[in-house]
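All remarks here apply to the structure that follows.
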Amino acid sequence: MKILLANLPWINTEEFYGLRAGSRWPHLRNRKEMLEYYPFPFFLAYASAVLKEAGYEIILKDCIAEGITKKDFINFSSELKPDIAVFETSTPSIENDLELSKLVKETTNAVIVLTGPHVTAMPSEALKEEYIDYVLCGECDYVLRDLVSALKNNSDTSIIKGVCGKKNGKIFINERAPLINNLDDLPYPLRESLPMTKYNDPFCKHTPNTQMLTSRGCPYGCIFCMEPWVYYGKSNYRMRSPKSVVDEMAFLIKKYNAKEIYFDDSSFSVNQERVKKICDEITTRGIKVFWSCMADAKLEEDTLRQMKKNGCVAVKFGVESASPTILKNVNKPINLDNVKEVVNRCKKVGIETHATYMFGLPGETKETIKETTDFAFALKTDTAQFSVAIPYPGTKFYELAKENNWIIAKDWQDFSGSKSTIQYPNISPEEILNAANYCRKRIILKTVTNPRQAFQYLKSIYNYGGFYHLLHTIFQKLWYLIKH
């Protein structure tokens, strides 16, 4: 049985390209404004590894990272003739995903299986299409394996938890499968067939770098986040053991010559005692590699010192807003004084910082936008990220926006982050988008006028694509800044 798993082609123009798989934030990325970046497709890669371990023939393609066009992908699929085709979806790309699913069905007659946040939140919508056979809801590593086994043995697929489909012409929606409690049981995500050099993260300070997960889920319940509400169905945080984490670090260093490893967890630092144990394991094993992580703004100085000693060079954390009212509205468990303390602690021990912010969350006004902007640049993190808040289906934010008639999007493509989909009484969508754009340009200017940071990024760009890629990127970014 031949199984194709793919991160499907999406928008790819001179100005924008779409990011989907492995990203908490499926969006269109502006080539002229931002450095090149492709998130690692963790969900597809883990599911592929589980299937391969079970003995199936797996073909894993990241069409976005490889730059594969829609036409080329259909030709590839037609020649491959898979028995089963598994595609990850997202809200802004769903119309594109359905279009390609239909074409693959017509040219191969494969069983079409969709995964990802959008179909998890709205399985019936996808299953109304005759060419969609199954939808997998939430965490699907073992669910997909069980579905493939049932299809191979002509067993009843309608009894498998986590699987939604059709039986006797009627749609069935099953309850979710239990979450995987022991993450150490999972094989490493399948990387062999993927373009690993494309997954260098601009946030990292050294190349080549690679990404890995040390945990799944999130113990918090921010209303805009897809992880607790969509991917995992609840606030649920599960951690790999320190030994398992460092085992994979050693593997990535040996196999891919990783100079830096980025822990792409929702929050690597939820359990600071575990962080220290991972650091102890790194010391005991004599692992020599730089690393960075997504964390929260609660890190203590002794934890940060141990992290620094064992290779940590940078930390990301989400702030989202400087308005206490908005933070309360979105159930964000953060204290702004703690944020300031953590940034100062990181500077003290020599770890770089990166904060993320959103404009357009419930309660946003012109005054709160100014409050957040002033806070963000006064905080003086080394870098920062600014985006517009998107109420993705399945989140509490989406439910709230629907109830209050805030959503002005005409179709799912509008959820791409290139515009605001929200209309509040006291602020327009244009003002929300303009705030994000203003801050992005300001942070770019801050970065290019900082000699140390500018050199760091230039070195990273050169290592990524060579001299001509460096020249093209410099010209592109300078022209963008001058033009705007």
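Ligands are numbered from 1 in the order shown, chains are lettered A, B, ... in the order of the structure tokens, and residues start at 1 in each chain.
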Do you know which residues are at most 12 Å from Lys105 in chain A counting only C-alpha atoms, after dropping those on the same chain fewer than 5 positions away, and could you put them as a PDB file with N, CA, C and O atoms, in the first residue's frame?
ATOM      1  N   ILE A  74       0.295  17.785  -9.301  1.00  0.00           N
ATOM      2  CA  ILE A  74      -0.710  16.906  -9.893  1.00  0.00           C
ATOM      3  C   ILE A  74      -0.043  15.890 -10.823  1.00  0.00           C
ATOM      4  O   ILE A  74      -0.393  14.703 -10.831  1.00  0.00           O
ATOM      5  N   SER A  77       1.659  13.328  -8.576  1.00  0.00           N
ATOM      6  CA  SER A  77       0.674  12.422  -7.981  1.00  0.00           C
ATOM      7  C   SER A  77       0.150  11.415  -9.007  1.00  0.00           C
ATOM      8  O   SER A  77      -0.036  10.235  -8.703  1.00  0.00           O
ATOM      9  N   SER A  78      -0.086  11.908 -10.229  1.00  0.00           N
ATOM     10  CA  SER A  78      -0.611  11.040 -11.282  1.00  0.00           C
ATOM     11  C   SER A  78       0.365   9.915 -11.618  1.00  0.00           C
ATOM     12  O   SER A  78      -0.038   8.771 -11.849  1.00  0.00           O
ATOM     13  N   LYS A  81       0.574   7.489  -8.375  1.00  0.00           N
ATOM     14  CA  LYS A  81      -0.637   6.684  -8.171  1.00  0.00           C
ATOM     15  C   LYS A  81      -0.705   6.086  -6.746  1.00  0.00           C
ATOM     16  O   LYS A  81      -0.698   4.876  -6.557  1.00  0.00           O
ATOM     17  N   PRO A  82      -0.785   6.959  -5.739  1.00  0.00           N
ATOM     18  CA  PRO A  82      -0.864   6.459  -4.357  1.00  0.00           C
ATOM     19  C   PRO A  82      -2.212   5.799  -4.088  1.00  0.00           C
ATOM     20  O   PRO A  82      -3.218   6.139  -4.718  1.00  0.00           O
ATOM     21  N   ASP A  83      -2.217   4.865  -3.146  1.00  0.00           N
ATOM     22  CA  ASP A  83      -3.482   4.265  -2.715  1.00  0.00           C
ATOM     23  C   ASP A  83      -4.229   5.212  -1.785  1.00  0.00           C
ATOM     24  O   ASP A  83      -5.460   5.261  -1.792  1.00  0.00           O
ATOM     25  N   ILE A  84      -3.454   5.937  -0.960  1.00  0.00           N
ATOM     26  CA  ILE A  84      -4.020   6.885   0.004  1.00  0.00           C
ATOM     27  C   ILE A  84      -3.240   8.192  -0.095  1.00  0.00           C
ATOM     28  O   ILE A  84      -2.004   8.180  -0.176  1.00  0.00           O
ATOM     29  N   ALA A  85      -3.939   9.312  -0.094  1.00  0.00           N
ATOM     30  CA  ALA A  85      -3.292  10.626  -0.117  1.00  0.00           C
ATOM     31  C   ALA A  85      -3.762  11.414   1.103  1.00  0.00           C
ATOM     32  O   ALA A  85      -4.964  11.592   1.311  1.00  0.00           O
ATOM     33  N   VAL A  86      -2.799  11.880   1.906  1.00  0.00           N
ATOM     34  CA  VAL A  86      -3.095  12.585   3.159  1.00  0.00           C
ATOM     35  C   VAL A  86      -2.579  14.015   3.041  1.00  0.00           C
ATOM     36  O   VAL A  86      -1.391  14.237   2.808  1.00  0.00           O
ATOM     37  N   LEU A  98      -8.918  21.983  -1.069  1.00  0.00           N
ATOM     38  CA  LEU A  98     -10.014  21.194  -1.618  1.00  0.00           C
ATOM     39  C   LEU A  98      -9.887  21.059  -3.142  1.00  0.00           C
ATOM     40  O   LEU A  98     -10.144  19.994  -3.712  1.00  0.00           O
ATOM     41  N   GLU A  99      -9.483  22.137  -3.787  1.00  0.00           N
ATOM     42  CA  GLU A  99      -9.302  22.103  -5.243  1.00  0.00           C
ATOM     43  C   GLU A  99      -8.267  21.039  -5.634  1.00  0.00           C
ATOM     44  O   GLU A  99      -8.487  20.232  -6.554  1.00  0.00           O
ATOM     45  N   LEU A 100      -7.118  21.025  -4.931  1.00  0.00           N
ATOM     46  CA  LEU A 100      -6.074  20.059  -5.247  1.00  0.00           C
ATOM     47  C   LEU A 100      -6.492  18.637  -4.870  1.00  0.00           C
ATOM     48  O   LEU A 100      -6.149  17.673  -5.561  1.00  0.00           O
ATOM     49  N   ALA A 110      -7.205   7.878  -5.539  1.00  0.00           N
ATOM     50  CA  ALA A 110      -6.712   7.552  -4.203  1.00  0.00           C
ATOM     51  C   ALA A 110      -7.771   7.866  -3.152  1.00  0.00           C
ATOM     52  O   ALA A 110      -8.663   8.697  -3.366  1.00  0.00           O
ATOM     53  N   VAL A 111      -7.680   7.213  -2.005  1.00  0.00           N
ATOM     54  CA  VAL A 111      -8.495   7.579  -0.852  1.00  0.00           C
ATOM     55  C   VAL A 111      -7.956   8.907  -0.329  1.00  0.00           C
ATOM     56  O   VAL A 111      -6.767   9.024  -0.011  1.00  0.00           O
ATOM     57  N   ILE A 112      -8.793   9.917  -0.278  1.00  0.00           N
ATOM     58  CA  ILE A 112      -8.350  11.261   0.129  1.00  0.00           C
ATOM     59  C   ILE A 112      -8.654  11.474   1.607  1.00  0.00           C
ATOM     60  O   ILE A 112      -9.805  11.385   2.045  1.00  0.00           O
ATOM     61  N   VAL A 113      -7.600  11.795   2.375  1.00  0.00           N
ATOM     62  CA  VAL A 113      -7.703  12.009   3.819  1.00  0.00           C
ATOM     63  C   VAL A 113      -7.179  13.409   4.138  1.00  0.00           C
ATOM     64  O   VAL A 113      -6.067  13.764   3.742  1.00  0.00           O
ATOM     65  N   GLU A 129     -18.023  17.345   0.430  1.00  0.00           N
ATOM     66  CA  GLU A 129     -17.457  17.187  -0.907  1.00  0.00           C
ATOM     67  C   GLU A 129     -17.306  15.694  -1.199  1.00  0.00           C
ATOM     68  O   GLU A 129     -16.704  14.961  -0.416  1.00  0.00           O
ATOM     69  N   GLU A 130     -17.808  15.242  -2.337  1.00  0.00           N
ATOM     70  CA  GLU A 130     -17.832  13.815  -2.641  1.00  0.00           C
ATOM     71  C   GLU A 130     -16.435  13.218  -2.779  1.00  0.00           C
ATOM     72  O   GLU A 130     -16.248  12.016  -2.577  1.00  0.00           O
ATOM     73  N   TYR A 131     -15.460  14.023  -3.134  1.00  0.00           N
ATOM     74  CA  TYR A 131     -14.102  13.527  -3.349  1.00  0.00           C
ATOM     75  C   TYR A 131     -13.282  13.426  -2.060  1.00  0.00           C
ATOM     76  O   TYR A 131     -12.156  12.938  -2.076  1.00  0.00           O
ATOM     77  N   ILE A 132     -13.806  13.905  -0.938  1.00  0.00           N
ATOM     78  CA  ILE A 132     -13.129  13.769   0.352  1.00  0.00           C
ATOM     79  C   ILE A 132     -13.678  12.525   1.053  1.00  0.00           C
ATOM     80  O   ILE A 132     -14.871  12.428   1.321  1.00  0.00           O
ATOM     81  N   ASP A 133     -12.786  11.585   1.365  1.00  0.00           N
ATOM     82  CA  ASP A 133     -13.218  10.324   1.970  1.00  0.00           C
ATOM     83  C   ASP A 133     -13.183  10.358   3.495  1.00  0.00           C
ATOM     84  O   ASP A 133     -14.103   9.859   4.146  1.00  0.00           O
TER      85      ASP A 133
END
Run DSSP on the backbone of this structure and report the residues of range 59-237 of chain A it assigns to alpha helix (DSSP H), as a tab-separated table (two decimals) with N, CA and C atoms, in the first residue's frame.
chain	number	residue	atom	x	y	z
A	63	CYS	N	5.57	20.52	-0.44
A	63	CYS	CA	5.54	21.25	-1.71
A	63	CYS	C	5.87	22.73	-1.53
A	64	ILE	N	5.51	23.30	-0.39
A	64	ILE	CA	5.77	24.72	-0.16
A	64	ILE	C	7.27	24.96	0.01
A	65	ALA	N	7.92	24.17	0.85
A	65	ALA	CA	9.36	24.35	1.06
A	65	ALA	C	10.15	24.02	-0.20
A	66	GLU	N	9.68	23.06	-0.99
A	66	GLU	CA	10.38	22.66	-2.21
A	66	GLU	C	10.03	23.52	-3.41
A	70	LYS	N	1.39	23.76	-8.39
A	70	LYS	CA	0.18	22.92	-8.40
A	70	LYS	C	0.21	21.94	-9.57
A	71	LYS	N	0.59	22.44	-10.73
A	71	LYS	CA	0.64	21.60	-11.92
A	71	LYS	C	1.63	20.45	-11.75
A	72	ASP	N	2.82	20.78	-11.24
A	72	ASP	CA	3.85	19.75	-11.04
A	72	ASP	C	3.41	18.73	-10.00
A	73	PHE	N	2.70	19.21	-8.97
A	73	PHE	CA	2.26	18.28	-7.94
A	73	PHE	C	1.22	17.30	-8.49
A	74	ILE	N	0.29	17.78	-9.30
A	74	ILE	CA	-0.71	16.91	-9.89
A	74	ILE	C	-0.04	15.89	-10.82
A	75	ASN	N	0.96	16.35	-11.59
A	75	ASN	CA	1.69	15.42	-12.46
A	75	ASN	C	2.43	14.38	-11.64
A	76	PHE	N	3.05	14.83	-10.54
A	76	PHE	CA	3.76	13.91	-9.65
A	76	PHE	C	2.81	12.87	-9.07
A	77	SER	N	1.66	13.33	-8.58
A	77	SER	CA	0.67	12.42	-7.98
A	77	SER	C	0.15	11.42	-9.01
A	78	SER	N	-0.09	11.91	-10.23
A	78	SER	CA	-0.61	11.04	-11.28
A	78	SER	C	0.37	9.92	-11.62
A	79	GLU	N	1.66	10.25	-11.64
A	79	GLU	CA	2.67	9.24	-11.92
A	79	GLU	C	2.86	8.29	-10.74
A	80	LEU	N	2.76	8.83	-9.52
A	80	LEU	CA	2.95	8.02	-8.32
A	80	LEU	C	1.80	7.03	-8.11
A	94	ILE	N	-7.92	26.54	2.70
A	94	ILE	CA	-8.83	25.41	2.56
A	94	ILE	C	-9.42	25.30	1.15
A	95	GLU	N	-9.76	26.42	0.53
A	95	GLU	CA	-10.33	26.35	-0.82
A	95	GLU	C	-9.30	25.79	-1.80
A	96	ASN	N	-8.05	26.22	-1.66
A	96	ASN	CA	-6.94	25.70	-2.45
A	96	ASN	C	-6.75	24.21	-2.18
A	97	ASP	N	-6.82	23.81	-0.90
A	97	ASP	CA	-6.61	22.42	-0.51
A	97	ASP	C	-7.68	21.51	-1.09
A	98	LEU	N	-8.92	21.98	-1.07
A	98	LEU	CA	-10.01	21.19	-1.62
A	98	LEU	C	-9.89	21.06	-3.14
A	99	GLU	N	-9.48	22.14	-3.79
A	99	GLU	CA	-9.30	22.10	-5.24
A	99	GLU	C	-8.27	21.04	-5.63
A	100	LEU	N	-7.12	21.03	-4.93
A	100	LEU	CA	-6.07	20.06	-5.25
A	100	LEU	C	-6.49	18.64	-4.87
A	101	SER	N	-7.24	18.51	-3.77
A	101	SER	CA	-7.73	17.18	-3.37
A	101	SER	C	-8.63	16.59	-4.47
A	102	LYS	N	-9.45	17.43	-5.03
A	102	LYS	CA	-10.36	16.98	-6.10
A	102	LYS	C	-9.57	16.51	-7.31
A	103	LEU	N	-8.53	17.26	-7.69
A	103	LEU	CA	-7.72	16.91	-8.85
A	103	LEU	C	-6.96	15.61	-8.61
A	104	VAL	N	-6.45	15.42	-7.41
A	104	VAL	CA	-5.74	14.18	-7.09
A	104	VAL	C	-6.70	13.00	-7.14
A	105	LYS	N	-7.90	13.20	-6.63
A	105	LYS	CA	-8.92	12.15	-6.67
A	105	LYS	C	-9.24	11.77	-8.12
A	106	GLU	N	-9.40	12.76	-8.96
A	106	GLU	CA	-9.77	12.52	-10.35
A	106	GLU	C	-8.66	11.81	-11.13
A	107	THR	N	-7.40	12.13	-10.80
A	107	THR	CA	-6.28	11.58	-11.58
A	107	THR	C	-5.70	10.30	-11.01
A	108	THR	N	-5.99	9.99	-9.74
A	108	THR	CA	-5.40	8.79	-9.13
A	108	THR	C	-6.41	7.84	-8.52
A	117	PRO	N	-5.97	21.90	11.30
A	117	PRO	CA	-6.88	22.62	12.18
A	117	PRO	C	-8.24	22.95	11.58
A	118	HIS	N	-8.29	23.31	10.30
A	118	HIS	CA	-9.57	23.74	9.74
A	118	HIS	C	-10.56	22.59	9.67
A	119	VAL	N	-10.13	21.46	9.14
A	119	VAL	CA	-11.07	20.33	9.03
A	119	VAL	C	-11.33	19.69	10.39
A	120	THR	N	-10.41	19.86	11.33
A	120	THR	CA	-10.67	19.39	12.70
A	120	THR	C	-11.82	20.19	13.30
A	121	ALA	N	-11.82	21.49	13.05
A	121	ALA	CA	-12.88	22.35	13.58
A	121	ALA	C	-14.19	22.18	12.82
A	123	PRO	N	-15.28	19.39	10.33
A	123	PRO	CA	-15.16	18.17	9.51
A	123	PRO	C	-16.31	17.98	8.52
A	124	SER	N	-17.52	18.31	8.94
A	124	SER	CA	-18.68	18.09	8.05
A	124	SER	C	-18.60	18.92	6.79
A	125	GLU	N	-18.03	20.13	6.91
A	125	GLU	CA	-17.91	21.02	5.75
A	125	GLU	C	-17.06	20.37	4.66
A	126	ALA	N	-15.95	19.74	5.07
A	126	ALA	CA	-15.08	19.07	4.10
A	126	ALA	C	-15.71	17.80	3.56
A	127	LEU	N	-16.36	17.04	4.42
A	127	LEU	CA	-16.92	15.75	4.02
A	127	LEU	C	-18.14	15.88	3.12
A	141	ASP	N	-1.36	10.97	14.77
A	141	ASP	CA	-0.24	10.06	14.51
A	141	ASP	C	-0.71	8.60	14.45
A	142	TYR	N	-1.35	8.15	15.52
A	142	TYR	CA	-1.81	6.77	15.59
A	142	TYR	C	-3.16	6.59	14.92
A	143	VAL	N	-3.95	7.64	14.87
A	143	VAL	CA	-5.27	7.58	14.22
A	143	VAL	C	-5.10	7.26	12.73
A	144	LEU	N	-4.15	7.92	12.08
A	144	LEU	CA	-3.89	7.65	10.67
A	144	LEU	C	-3.40	6.22	10.47
A	145	ARG	N	-2.53	5.77	11.34
A	145	ARG	CA	-2.04	4.38	11.24
A	145	ARG	C	-3.20	3.40	11.35
A	146	ASP	N	-4.12	3.65	12.29
A	146	ASP	CA	-5.27	2.75	12.46
A	146	ASP	C	-6.20	2.79	11.26
A	147	LEU	N	-6.37	3.99	10.67
A	147	LEU	CA	-7.21	4.11	9.48
A	147	LEU	C	-6.60	3.34	8.31
A	148	VAL	N	-5.31	3.51	8.10
A	148	VAL	CA	-4.62	2.81	7.01
A	148	VAL	C	-4.73	1.30	7.18
A	149	SER	N	-4.56	0.84	8.42
A	149	SER	CA	-4.67	-0.59	8.70
A	149	SER	C	-6.08	-1.10	8.38
A	150	ALA	N	-7.09	-0.32	8.76
A	150	ALA	CA	-8.48	-0.73	8.49
A	150	ALA	C	-8.76	-0.78	7.00
A	151	LEU	N	-8.25	0.21	6.26
A	151	LEU	CA	-8.45	0.23	4.81
A	151	LEU	C	-7.74	-0.95	4.14
A	152	LYS	N	-6.56	-1.26	4.62
A	152	LYS	CA	-5.80	-2.39	4.07
A	152	LYS	C	-6.53	-3.71	4.29
A	226	MET	N	-4.78	27.93	18.63
A	226	MET	CA	-5.33	26.71	18.06
A	226	MET	C	-4.91	25.45	18.81
Counting only C-alpha atoms, which residue out of A:Asn437, A:Thr284, A:Thr381, A:Thr157 sits closest to Val246 in chain A?
A:Thr284
Every residue of range 100-271 of chain A that DSSP places in strand (DSSP E), as a ChimeraX atom specification:
/A:111-115,134-136,163-167,170-173,209-212,215-216,238-239,260-263
re CA of Asn182 in chain A and CA of Leu51 in chain A: distance 17.8 Å
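Considering the residues A:Met358, A:Leu299, A:Lys308, A:Ala250 and counting only C-alpha atoms, Asn344 in chain A has its shortest atom-to-atom contact with A:Leu299.
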Within 7 Å of Val388 in chain A using only C-alpha atoms, minus same-chain residues under 2 positions, as a ChimeraX atom specification:
/A:358-360,390,417,420,432-433,436
Identify, on the basis of only C-alpha atoms, every residue whose closest approach to Val349 in chain A does not exceed 8 Å; exclude the query and any residue fewer than 2 positions from it along the same chain; express the result as a ChimeraX atom specification.
/A:304-305,308,345-347,351
Output the selection as a PDB file, in the first residue's frame - all heavy atoms for each residue.
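Output file part-v8.pdb is given in full below:
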ATOM      1  N   LEU A 304      17.622  30.435  33.797  1.00  0.00           N
ATOM      2  CA  LEU A 304      18.236  31.068  32.635  1.00  0.00           C
ATOM      3  C   LEU A 304      19.750  30.892  32.633  1.00  0.00           C
ATOM      4  O   LEU A 304      20.351  30.655  31.575  1.00  0.00           O
ATOM      5  CB  LEU A 304      17.880  32.561  32.611  1.00  0.00           C
ATOM      6  CG  LEU A 304      16.435  32.895  32.195  1.00  0.00           C
ATOM      7  CD1 LEU A 304      16.110  34.345  32.531  1.00  0.00           C
ATOM      8  CD2 LEU A 304      16.238  32.640  30.710  1.00  0.00           C
ATOM      9  N   ARG A 305      20.362  30.987  33.793  1.00  0.00           N
ATOM     10  CA  ARG A 305      21.819  30.807  33.874  1.00  0.00           C
ATOM     11  C   ARG A 305      22.219  29.393  33.463  1.00  0.00           C
ATOM     12  O   ARG A 305      23.226  29.188  32.761  1.00  0.00           O
ATOM     13  CB  ARG A 305      22.326  31.130  35.285  1.00  0.00           C
ATOM     14  CG  ARG A 305      22.311  32.607  35.622  1.00  0.00           C
ATOM     15  CD  ARG A 305      23.113  32.942  36.851  1.00  0.00           C
ATOM     16  NE  ARG A 305      23.097  34.383  37.114  1.00  0.00           N
ATOM     17  CZ  ARG A 305      23.850  35.275  36.489  1.00  0.00           C
ATOM     18  NH1 ARG A 305      24.702  34.870  35.557  1.00  0.00           N
ATOM     19  NH2 ARG A 305      23.763  36.556  36.789  1.00  0.00           N
ATOM     20  N   LYS A 308      21.804  29.103  29.681  1.00  0.00           N
ATOM     21  CA  LYS A 308      22.913  29.762  28.997  1.00  0.00           C
ATOM     22  C   LYS A 308      24.176  28.902  29.037  1.00  0.00           C
ATOM     23  O   LYS A 308      24.868  28.739  28.018  1.00  0.00           O
ATOM     24  CB  LYS A 308      23.174  31.124  29.642  1.00  0.00           C
ATOM     25  CG  LYS A 308      24.396  31.863  29.112  1.00  0.00           C
ATOM     26  CD  LYS A 308      24.238  32.261  27.658  1.00  0.00           C
ATOM     27  CE  LYS A 308      25.453  33.055  27.184  1.00  0.00           C
ATOM     28  NZ  LYS A 308      25.348  33.420  25.750  1.00  0.00           N
ATOM     29  N   ARG A 345      16.499  39.828  32.980  1.00  0.00           N
ATOM     30  CA  ARG A 345      17.271  38.657  33.385  1.00  0.00           C
ATOM     31  C   ARG A 345      18.025  38.046  32.207  1.00  0.00           C
ATOM     32  O   ARG A 345      19.180  37.636  32.328  1.00  0.00           O
ATOM     33  CB  ARG A 345      16.333  37.599  33.993  1.00  0.00           C
ATOM     34  CG  ARG A 345      15.778  37.944  35.358  1.00  0.00           C
ATOM     35  CD  ARG A 345      14.695  36.966  35.755  1.00  0.00           C
ATOM     36  NE  ARG A 345      13.976  37.390  36.955  1.00  0.00           N
ATOM     37  CZ  ARG A 345      12.769  36.973  37.293  1.00  0.00           C
ATOM     38  NH1 ARG A 345      12.125  36.107  36.508  1.00  0.00           N
ATOM     39  NH2 ARG A 345      12.188  37.402  38.397  1.00  0.00           N
ATOM     40  N   CYS A 346      17.343  37.981  31.066  1.00  0.00           N
ATOM     41  CA  CYS A 346      17.987  37.425  29.870  1.00  0.00           C
ATOM     42  C   CYS A 346      19.187  38.276  29.459  1.00  0.00           C
ATOM     43  O   CYS A 346      20.256  37.739  29.108  1.00  0.00           O
ATOM     44  CB  CYS A 346      16.989  37.334  28.719  1.00  0.00           C
ATOM     45  SG  CYS A 346      15.773  35.996  28.878  1.00  0.00           S
ATOM     46  N   LYS A 347      19.038  39.584  29.502  1.00  0.00           N
ATOM     47  CA  LYS A 347      20.152  40.470  29.166  1.00  0.00           C
ATOM     48  C   LYS A 347      21.310  40.275  30.136  1.00  0.00           C
ATOM     49  O   LYS A 347      22.480  40.284  29.740  1.00  0.00           O
ATOM     50  CB  LYS A 347      19.680  41.928  29.186  1.00  0.00           C
ATOM     51  CG  LYS A 347      18.773  42.296  28.019  1.00  0.00           C
ATOM     52  CD  LYS A 347      18.318  43.748  28.106  1.00  0.00           C
ATOM     53  CE  LYS A 347      17.418  44.098  26.920  1.00  0.00           C
ATOM     54  NZ  LYS A 347      16.901  45.486  26.990  1.00  0.00           N
ATOM     55  N   ILE A 351      21.334  36.032  27.133  1.00  0.00           N
ATOM     56  CA  ILE A 351      20.422  35.329  26.226  1.00  0.00           C
ATOM     57  C   ILE A 351      19.589  36.369  25.481  1.00  0.00           C
ATOM     58  O   ILE A 351      19.008  37.260  26.099  1.00  0.00           O
ATOM     59  CB  ILE A 351      19.499  34.365  27.003  1.00  0.00           C
ATOM     60  CG1 ILE A 351      20.309  33.211  27.595  1.00  0.00           C
ATOM     61  CG2 ILE A 351      18.405  33.816  26.096  1.00  0.00           C
ATOM     62  CD1 ILE A 351      19.493  32.261  28.460  1.00  0.00           C
TER      63      ILE A 351
END
